[in-house]
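Student: mmCIF, C-alpha atoms, saved as query16.cif, coming up:
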```cif
data_structure
#
loop_
_atom_site.label_atom_id
_atom_site.label_comp_id
_atom_site.auth_asym_id
_atom_site.auth_seq_id
_atom_site.Cartn_x
_atom_site.Cartn_y
_atom_site.Cartn_z
CA MET L 1 34.11 -47.28 122.19
CA LEU L 2 36.22 -49.16 124.65
CA ASN L 3 34.45 -50.62 127.63
CA GLY L 4 35.65 -53.74 129.26
CA LYS L 5 36.42 -55.50 126.04
CA ALA L 6 39.54 -56.89 124.52
CA ALA L 7 41.67 -54.21 122.90
CA LYS L 8 45.25 -53.73 121.81
CA LEU L 9 47.98 -51.60 123.26
CA LEU L 10 50.60 -50.40 120.81
CA ARG L 11 53.95 -49.01 121.90
CA ILE L 12 56.14 -47.15 119.46
CA HIS L 13 59.76 -46.63 120.44
CA LEU L 14 61.77 -43.94 118.72
CA SER L 15 64.20 -41.15 119.37
CA GLU L 16 63.31 -37.61 120.28
CA GLY L 17 65.56 -36.30 117.53
CA ASP L 18 63.69 -38.17 114.78
CA THR L 19 61.79 -36.03 112.33
CA ALA L 20 59.09 -36.69 109.75
CA ASP L 21 57.93 -34.03 107.28
CA GLY L 22 60.01 -31.44 109.08
CA ARG L 23 58.59 -31.93 112.57
CA PRO L 24 59.25 -34.31 115.45
CA THR L 25 58.10 -37.80 114.52
CA HIS L 26 56.18 -38.25 117.76
CA GLU L 27 54.12 -35.14 117.00
CA ALA L 28 53.42 -36.43 113.50
CA ILE L 29 52.32 -39.79 114.93
CA LEU L 30 50.05 -38.10 117.46
CA SER L 31 48.37 -36.09 114.70
CA THR L 32 47.92 -39.23 112.63
CA CYS L 33 46.26 -40.95 115.59
CA GLN L 34 43.83 -38.07 115.93
CA GLU L 35 43.07 -38.00 112.21
CA LEU L 36 42.24 -41.71 112.32
CA GLY L 37 40.00 -41.17 115.35
CA ILE L 38 42.12 -43.36 117.64
CA ALA L 39 40.77 -43.29 121.22
CA GLY L 40 43.92 -41.91 122.78
CA ALA L 41 47.69 -41.67 122.58
CA THR L 42 50.30 -40.56 125.08
CA VAL L 43 53.93 -39.64 124.47
CA PHE L 44 56.52 -40.41 127.16
CA ARG L 45 60.11 -39.34 127.24
CA GLY L 46 62.62 -41.73 128.77
CA LEU L 47 65.81 -40.68 130.48
CA GLU L 48 68.18 -43.03 128.76
CA GLY L 49 68.08 -46.04 126.52
CA TYR L 50 69.46 -47.74 123.50
CA GLY L 51 68.02 -49.41 120.48
CA GLU L 52 68.78 -51.09 117.20
CA THR L 53 71.77 -48.88 116.39
CA ALA L 54 73.10 -49.80 119.85
CA GLU L 55 74.04 -46.23 120.54
CA VAL L 56 72.95 -44.90 123.87
CA HIS L 57 70.29 -42.23 123.72
CA ARG L 58 70.61 -39.70 126.43
CA ASN L 59 70.16 -36.00 126.89
CA ARG L 60 73.17 -34.40 125.25
CA ALA L 61 74.12 -30.79 125.65
CA LEU L 62 73.38 -29.79 122.08
CA SER L 63 70.84 -32.20 120.71
CA ARG L 64 67.86 -33.84 122.31
CA ASP L 65 68.18 -37.53 121.69
CA GLN L 66 66.30 -39.13 124.52
CA PRO L 67 64.13 -42.19 123.94
CA ILE L 68 60.46 -41.61 123.22
CA VAL L 69 57.67 -44.11 123.77
CA ILE L 70 54.19 -43.53 122.43
CA VAL L 71 51.44 -45.62 123.98
CA VAL L 72 48.22 -46.05 122.02
CA VAL L 73 45.18 -48.05 123.15
CA ASP L 74 42.25 -48.91 120.90
CA GLU L 75 40.41 -51.77 119.22
CA ALA L 76 42.55 -54.09 117.12
CA ALA L 77 40.86 -52.98 113.90
CA LYS L 78 41.64 -49.33 114.56
CA LEU L 79 45.27 -50.02 115.34
CA MET L 80 45.62 -52.07 112.17
CA LEU L 81 44.77 -48.89 110.26
CA LEU L 82 47.33 -46.95 112.26
CA VAL L 83 50.32 -49.29 111.94
CA PRO L 84 50.96 -48.81 108.19
CA GLU L 85 50.62 -45.04 108.63
CA ILE L 86 53.27 -45.08 111.34
CA GLU L 87 55.52 -47.31 109.28
CA SER L 88 55.57 -44.63 106.61
CA LEU L 89 56.54 -42.00 109.19
CA ILE L 90 59.40 -43.71 110.98
CA ARG L 91 62.77 -44.53 109.52
CA SER L 92 64.03 -46.51 112.45
CA GLY L 93 62.28 -47.55 115.60
CA MET L 94 60.30 -50.35 117.08
CA MET L 95 56.63 -51.14 117.51
CA ALA L 96 55.22 -53.69 119.92
CA MET L 97 51.60 -54.66 120.35
CA SER L 98 50.00 -56.47 123.24
CA ASP L 99 46.55 -57.62 124.24
CA VAL L 100 44.81 -55.61 126.91
CA GLN L 101 41.50 -55.51 128.65
CA ALA L 102 40.45 -51.87 128.39
CA ILE L 103 38.01 -50.06 130.64
CA ARG L 104 37.04 -46.56 129.61
CA VAL L 105 35.95 -44.44 132.58
CA GLN L 106 33.91 -41.37 131.80
CA LYS L 107 31.70 -40.02 134.52
CA GLY L 108 29.74 -36.80 134.97
CA SER L 109 29.63 -34.90 131.71
CA ALA L 110 29.32 -38.02 129.57
CA ARG L 111 29.05 -37.22 125.93
CA MET Y 1 81.18 -65.63 151.93
CA LEU Y 2 80.99 -68.08 149.09
CA GLN Y 3 78.67 -71.01 149.48
CA LYS Y 4 79.71 -74.52 148.57
CA GLY Y 5 78.46 -75.76 145.26
CA SER Y 6 78.23 -74.47 141.73
CA ALA Y 7 79.63 -71.03 141.05
CA LYS Y 8 81.12 -68.99 138.23
CA LYS Y 9 84.69 -68.04 137.66
CA VAL Y 10 85.17 -64.85 135.72
CA THR Y 11 88.45 -63.93 134.09
CA LEU Y 12 89.15 -60.50 132.65
CA TRP Y 13 92.16 -59.96 130.41
CA ILE Y 14 93.26 -56.35 130.22
CA ASN Y 15 96.27 -54.52 128.81
CA GLU Y 16 98.20 -52.33 131.17
CA GLU Y 17 97.74 -49.15 129.19
CA THR Y 18 93.99 -49.46 128.64
CA ARG Y 19 92.28 -46.65 130.48
CA PHE Y 20 88.86 -46.15 131.94
CA HIS Y 21 88.18 -42.43 132.18
CA HIS Y 22 91.22 -41.13 134.03
CA GLU Y 23 92.49 -44.27 135.66
CA LYS Y 24 93.84 -47.56 134.56
CA LEU Y 25 91.13 -49.97 133.53
CA TRP Y 26 92.52 -52.89 135.50
CA LEU Y 27 92.55 -50.76 138.63
CA ALA Y 28 89.04 -49.43 137.97
CA LEU Y 29 87.76 -52.99 137.51
CA PHE Y 30 89.43 -54.14 140.66
CA GLU Y 31 88.00 -51.24 142.65
CA TYR Y 32 84.55 -51.88 141.21
CA LEU Y 33 84.63 -55.53 142.28
CA ARG Y 34 85.73 -54.50 145.76
CA HIS Y 35 82.98 -51.92 145.92
CA LYS Y 36 80.43 -54.57 144.93
CA ARG Y 37 81.76 -56.79 147.73
CA ILE Y 38 82.59 -59.61 145.41
CA ALA Y 39 83.76 -62.54 147.53
CA GLY Y 40 87.35 -62.14 146.39
CA ALA Y 41 89.28 -61.19 143.30
CA SER Y 42 92.90 -61.61 142.40
CA LEU Y 43 94.94 -59.53 140.05
CA THR Y 44 97.93 -61.03 138.36
CA HIS Y 45 100.14 -59.68 135.68
CA THR Y 46 101.38 -61.95 133.02
CA LYS Y 47 104.93 -62.14 131.83
CA MET Y 48 104.24 -62.35 128.17
CA ALA Y 49 101.06 -62.27 126.16
CA PHE Y 50 99.54 -61.31 122.90
CA GLY Y 51 95.95 -60.61 122.02
CA ASP Y 52 93.77 -59.01 119.43
CA HIS Y 53 96.33 -56.37 118.62
CA LYS Y 54 98.95 -59.01 117.71
CA ARG Y 55 101.48 -57.07 119.72
CA VAL Y 56 103.54 -59.07 122.11
CA HIS Y 57 103.41 -57.77 125.63
CA ASN Y 58 106.65 -58.75 127.22
CA ALA Y 59 107.44 -57.65 130.71
CA ASP Y 60 111.13 -58.47 130.42
CA ALA Y 61 111.81 -56.91 127.04
CA ALA Y 62 112.24 -53.15 126.89
CA GLU Y 63 111.47 -50.23 129.14
CA THR Y 64 108.36 -49.52 127.12
CA ALA Y 65 107.06 -53.00 127.75
CA GLU Y 66 103.35 -53.32 128.37
CA PHE Y 67 102.09 -55.69 130.94
CA SER Y 68 98.99 -57.68 130.50
CA TYR Y 69 96.75 -58.07 133.54
CA ARG Y 70 94.42 -60.82 134.53
CA ILE Y 71 91.66 -60.32 137.09
CA GLU Y 72 89.94 -63.42 138.34
CA PHE Y 73 87.12 -63.93 140.76
CA VAL Y 74 84.72 -66.66 141.81
CA GLU Y 75 81.17 -65.83 142.77
CA SER Y 76 77.66 -67.24 142.79
CA PRO Y 77 75.91 -67.15 139.40
CA GLU Y 78 73.49 -64.51 140.72
CA ARG Y 79 76.25 -62.15 141.83
CA VAL Y 80 78.10 -62.65 138.55
CA GLU Y 81 74.93 -61.83 136.66
CA GLU Y 82 74.62 -58.69 138.76
CA VAL Y 83 78.07 -57.29 138.00
CA LEU Y 84 78.45 -58.55 134.45
CA PRO Y 85 76.57 -55.73 132.67
CA THR Y 86 78.87 -53.16 134.29
CA LEU Y 87 82.00 -55.16 133.50
CA TYR Y 88 80.76 -55.47 129.94
CA GLU Y 89 80.45 -51.69 129.72
CA MET Y 90 83.82 -51.04 131.32
CA VAL Y 91 85.95 -53.43 129.29
CA VAL Y 92 86.36 -51.43 126.09
CA ASP Y 93 89.50 -53.33 125.16
CA GLY Y 94 90.23 -56.80 126.46
CA LEU Y 95 88.46 -60.06 127.04
CA ILE Y 96 85.87 -61.35 129.50
CA GLU Y 97 85.36 -65.06 129.97
CA ILE Y 98 83.22 -67.08 132.34
CA HIS Y 99 83.66 -70.66 133.44
CA ASP Y 100 81.39 -72.90 135.44
CA THR Y 101 83.13 -73.99 138.55
CA THR Y 102 82.40 -75.69 141.84
CA VAL Y 103 83.30 -74.33 145.21
CA ILE Y 104 84.51 -77.23 147.30
CA LYS Y 105 85.52 -75.31 150.36
CA SER Y 106 85.48 -71.67 151.25
CA VAL Y 107 86.33 -70.80 154.83
CA ASN Y 108 87.63 -67.81 156.66
CA GLU Y 109 88.62 -68.28 160.26
CA ASP Y 110 88.49 -64.73 161.52
CA ARG Y 111 85.33 -63.77 159.71
CA THR Y 112 82.71 -63.09 162.37
CA ALA Y 113 79.83 -62.02 160.18
CA PRO Y 114 79.20 -62.69 156.52
CA GLU Y 115 80.46 -59.69 154.59
CA SER Y 116 78.94 -60.48 151.27
CA LEU Y 117 75.31 -59.72 150.65
CA PRO Y 118 72.88 -62.59 151.01
CA PRO Y 119 71.97 -64.36 147.80
CA VAL Y 120 69.33 -62.89 145.57
CA GLU Y 121 66.07 -64.74 145.51
CA ARG Y 122 64.38 -64.94 142.18
CA THR Y 123 60.87 -66.02 141.34
CA GLN Y 124 59.10 -66.08 138.04
CA ARG Y 125 55.36 -66.01 137.78
CA LYS Y 126 52.39 -64.90 135.78
CA ALA Y 127 51.01 -61.56 136.79
CA LYS Y 128 48.91 -58.66 135.53
CA LEU Y 129 50.02 -55.23 134.49
CA MET Y 130 47.44 -52.49 134.89
CA ARG Y 131 48.02 -49.14 133.24
CA VAL Y 132 45.86 -46.23 134.33
CA PHE Y 133 45.72 -43.19 132.07
CA LEU Y 134 44.58 -39.90 133.57
CA GLY Y 135 45.40 -36.21 133.60
CA GLU Y 136 47.96 -34.52 135.82
CA ARG Y 137 45.40 -31.97 136.98
CA ASP Y 138 42.78 -34.51 138.03
CA GLN Y 139 41.96 -34.06 141.69
CA TRP Y 140 40.79 -36.34 144.47
CA HIS Y 141 39.50 -34.51 147.55
CA GLY Y 142 41.95 -31.69 147.07
CA GLU Y 143 45.03 -33.74 146.22
CA PRO Y 144 46.38 -34.96 142.89
CA LEU Y 145 44.45 -38.01 141.79
CA TYR Y 146 47.59 -39.93 140.83
CA ASP Y 147 48.91 -39.43 144.37
CA ALA Y 148 45.62 -40.61 145.84
CA ILE Y 149 45.60 -43.70 143.62
CA VAL Y 150 49.16 -44.64 144.59
CA LYS Y 151 48.35 -44.21 148.29
CA GLN Y 152 45.25 -46.33 147.88
CA LEU Y 153 47.24 -49.07 146.11
CA ARG Y 154 49.84 -49.06 148.87
CA MET Y 155 47.13 -49.41 151.46
CA MET Y 156 45.82 -52.41 149.53
CA ASP Y 157 49.31 -53.98 149.64
CA ILE Y 158 49.68 -53.91 145.89
CA ALA Y 159 53.24 -54.91 145.03
CA GLY Y 160 54.22 -51.76 143.18
CA ALA Y 161 53.10 -48.79 141.15
CA THR Y 162 54.99 -46.24 139.08
CA VAL Y 163 53.68 -42.87 137.94
CA TYR Y 164 54.83 -41.59 134.56
CA ARG Y 165 54.24 -38.15 133.14
CA GLY Y 166 53.90 -37.90 129.40
CA ILE Y 167 55.14 -34.97 127.39
CA MET Y 168 52.03 -34.77 125.23
CA GLY Y 169 48.97 -36.74 124.34
CA TYR Y 170 45.24 -36.80 124.03
CA GLY Y 171 42.36 -39.03 124.99
CA SER Y 172 42.56 -39.15 128.75
CA LYS Y 173 39.90 -36.48 128.86
CA GLY Y 174 37.66 -38.24 126.38
CA GLU Y 175 36.89 -37.11 122.89
CA THR Y 176 36.96 -33.44 123.77
CA HIS Y 177 40.61 -33.03 122.86
CA ARG Y 178 40.78 -31.95 119.28
CA PRO Y 179 43.87 -31.54 117.12
CA HIS Y 180 44.04 -27.79 117.80
CA LEU Y 181 44.53 -28.58 121.50
CA LEU Y 182 47.67 -30.53 120.72
CA HIS Y 183 49.99 -27.71 121.74
CA ILE Y 184 51.73 -28.00 125.11
CA SER Y 185 48.99 -27.90 127.68
CA GLU Y 186 49.44 -27.68 131.40
CA ASP Y 187 47.38 -30.78 131.97
CA LEU Y 188 49.91 -33.36 130.92
CA PRO Y 189 49.00 -37.02 130.58
CA ILE Y 190 49.80 -39.33 133.47
CA MET Y 191 50.15 -43.08 133.32
CA ILE Y 192 50.33 -45.23 136.44
CA SER Y 193 51.62 -48.71 135.86
CA VAL Y 194 50.78 -51.29 138.48
CA ILE Y 195 52.03 -54.87 138.59
CA ASP Y 196 50.78 -57.63 140.84
CA SER Y 197 49.15 -61.03 140.75
CA ALA Y 198 45.91 -61.40 138.81
CA SER Y 199 43.85 -61.61 142.01
CA LYS Y 200 45.34 -58.39 143.43
CA ILE Y 201 44.81 -56.52 140.17
CA VAL Y 202 41.21 -57.75 140.01
CA GLU Y 203 40.81 -56.36 143.50
CA ALA Y 204 42.47 -53.04 142.69
CA GLU Y 205 40.83 -52.35 139.35
CA PRO Y 206 37.30 -51.46 140.62
CA VAL Y 207 38.81 -49.28 143.36
CA VAL Y 208 40.84 -47.31 140.83
CA GLU Y 209 37.84 -47.18 138.53
CA SER Y 210 35.72 -45.67 141.30
CA MET Y 211 38.31 -42.94 141.91
CA LEU Y 212 38.80 -42.13 138.26
CA GLU Y 213 36.59 -39.39 136.87
CA ASP Y 214 37.66 -39.64 133.28
CA GLY Y 215 40.38 -41.93 132.01
CA LEU Y 216 41.31 -45.35 130.77
CA ILE Y 217 42.40 -48.53 132.47
CA ALA Y 218 44.20 -51.16 130.41
CA VAL Y 219 45.09 -54.54 131.90
CA SER Y 220 47.45 -57.03 130.29
CA ASP Y 221 49.22 -60.29 131.14
CA VAL Y 222 52.88 -60.18 132.01
CA ASP Y 223 55.56 -62.55 133.24
CA VAL Y 224 57.20 -61.17 136.30
CA LEU Y 225 60.79 -61.87 137.16
CA ARG Y 226 61.16 -60.77 140.68
CA LEU Y 227 64.43 -60.05 142.37
CA ILE Y 228 64.33 -60.01 146.10
CA ARG Y 229 67.30 -59.25 148.24
CA PRO Y 230 66.43 -60.22 151.78
CA GLN Y 231 67.37 -57.66 154.39
CA VAL Y 232 70.60 -58.38 156.20
CA ALA Y 233 68.67 -59.41 159.25
CA SER Y 234 69.98 -59.25 162.77
CA GLU Y 235 69.36 -62.99 162.99
CA TYR Y 236 72.65 -63.36 161.22
CA SER Y 237 74.65 -61.91 164.03
CA ASN Y 238 72.44 -63.50 166.65
CA ALA Y 239 72.91 -66.90 165.16
CA LYS Y 240 76.64 -66.46 165.38
CA ARG Y 241 76.64 -65.85 169.08
#
```
Do you think you could lay out the structure here as structure tokens?

Tutor:
Amino acid sequence: MLNGKAAKLLRIHLSEGDTADGRPTHEAILSTCQELGIAGATVFRGLEGYGETAEVHRNRALSRDQPIVIVVVDEAAKLMLLVPEIESLIRSGMMAMSDVQAIRVQKGSAR
Amino acid sequence: MLQKGSAKKVTLWINEETRFHHEKLWLALFEYLRHKRIAGASLTHTKMAFGDHKRVHNADAAETAEFSYRIEFVESPERVEEVLPTLYEMVVDGLIEIHDTTVIKSVNEDRTAPESLPPVERTQRKAKLMRVFLGERDQWHGEPLYDAIVKQLRMMDIAGATVYRGIMGYGSKGETHRPHLLHISEDLPIMISVIDSASKIVEAEPVVESMLEDGLIAVSDVDVLRLIRPQVASEYSNAKR
């Protein structure tokens, strides 16, 4: 569990239109995180952005192509298991990892 | 007004017929620079030129002749840096070049107050970035917890905080979220990102922790580039009198 110790924060940047195994890539990544027992993952949708193909991602009338960022925090060892899994799911995108000090807060109904 | 000393001279080379949306690009660029209160820009059209297209633009030749335009302006490096990304976007056909230059003298007799914005102050320093993960539905004495945290941070004079809402996620409510709960839930994940000096973050972290019922706080090191544009203070006009 994460309490006050050094951990890693992984950000995965991709496009909302990306798919893996017939469903949105960010959903597939979220499921993978859960299967691996990763502490938590959050998906954010940006308004506009551009990436390696240098084309601007924004909300078009017909297709959703806004930038997506998935933020995952866990111990380094856990994330090392996750990274190759994600690599097999994404065709294009970017991953960045940084060091964080993580504090897990869980009061009341602690389990 | 331009200050004496080192500055940048920007030259834009544009063909007459190049358009930006519904107007001529050279005109759009000129208007943009005026709108941004660039110290001064001049537009000249050249008699004869050729560029990437290897077509000769000759003003004297035929009726169909295309002019080539040149827009030049001199500004402080900071101001140039500010407008350059937009110019870069706008110039779809043409050339942008920048030269280092030195302003020896820049005076304007009938100018009573400086029209241009004061220079941008820039500082770079080490800082901490704190991300707080919680749920949108979390409450704090009857108000949304993320609101309460932001208010608290403002009261503590923390430099800045931004609240993000995720579109899906799990974990902020502990290990109780199982894969079958992945479908769109009404309690969306919230992330508050807070940036300030290490000492301010150290001060803020336990306060946020005490307010948080169930969530995660992640702190990391960042380099902050801070842009400050001082308010156009009334001292300016006072000093003139």

Student: In Å, rounded to a single decimal, give me how far atom CA of L:Val69 is from atom CA of Y:Asp214.

Tutor: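 Going from atom CA of Y:Asp214 over to atom CA of L:Val69 covers 22.6 Å.
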
Student: Quote the spacing between atom CA of Y:Gly215 and atom CA of Y:Met191 in Å to one decimal place.

Tutor: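 Result for atom CA of Y:Gly215 versus atom CA of Y:Met191: 9.9 Å, one decimal.
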
Student: Using the chain letters and numbers from this file, what does the PyMOL selection byres ((chain L) within 10 of (chain Y)) select? Give the answer as a VMD selection string.

Tutor: chain L and resid 2 to 9 26 to 27 30 to 35 37 to 46 68 to 74 98 to 111

Student: What does the distance between atom CA of L:Pro67 and atom CA of L:Tyr50 come to in Å, to one decimal place?

Tutor: 7.7 Å

Student: Show which residues sit within 9 Å of L:Ile86, as an MDAnalysis selection string. Count all atoms listed in the file, and ignore same-chain residues fewer than 6 positions away.

Tutor: chainID L and resid 12 28:29 32

Student: Once you add 4 Å to each side, what are the centre and edge lengths of the axis-aligned box holding all listed atoms of stretch 4-18 of chain Y? One decimal in Å, as JSON, if you can.

Tutor:
```
{"center_x": 88.2, "center_y": -62.5, "center_z": 138.6, "size_x": 28.0, "size_y": 34.6, "size_z": 27.9}
```

Student: Point out the residue among L:Leu36, L:Leu14, L:Ala20, L:Leu47 with the least atom-to-atom distance to L:Met80, counting all atoms listed in the file.

Tutor: L:Leu36

Student: Enumerate, as a PDB file with C-alpha atoms, keeping the file's coordinate frame, the residues matched when the PyMOL selection byres ((chain L and resi 15) around 8) is run on the file above.

Tutor:
```pdb
ATOM      1  CA  HIS L  13      59.760 -46.630 120.440  1.00  0.00           C
ATOM      2  CA  LEU L  14      61.770 -43.940 118.720  1.00  0.00           C
ATOM      3  CA  GLU L  16      63.310 -37.610 120.280  1.00  0.00           C
ATOM      4  CA  GLY L  17      65.560 -36.300 117.530  1.00  0.00           C
ATOM      5  CA  ASP L  18      63.690 -38.170 114.780  1.00  0.00           C
ATOM      6  CA  HIS L  57      70.290 -42.230 123.720  1.00  0.00           C
ATOM      7  CA  ASP L  65      68.180 -37.530 121.690  1.00  0.00           C
ATOM      8  CA  GLN L  66      66.300 -39.130 124.520  1.00  0.00           C
ATOM      9  CA  PRO L  67      64.130 -42.190 123.940  1.00  0.00           C
ATOM     10  CA  ILE L  68      60.460 -41.610 123.220  1.00  0.00           C
ATOM     11  CA  GLY L  93      62.280 -47.550 115.600  1.00  0.00           C
TER      12      GLY L  93
END
```
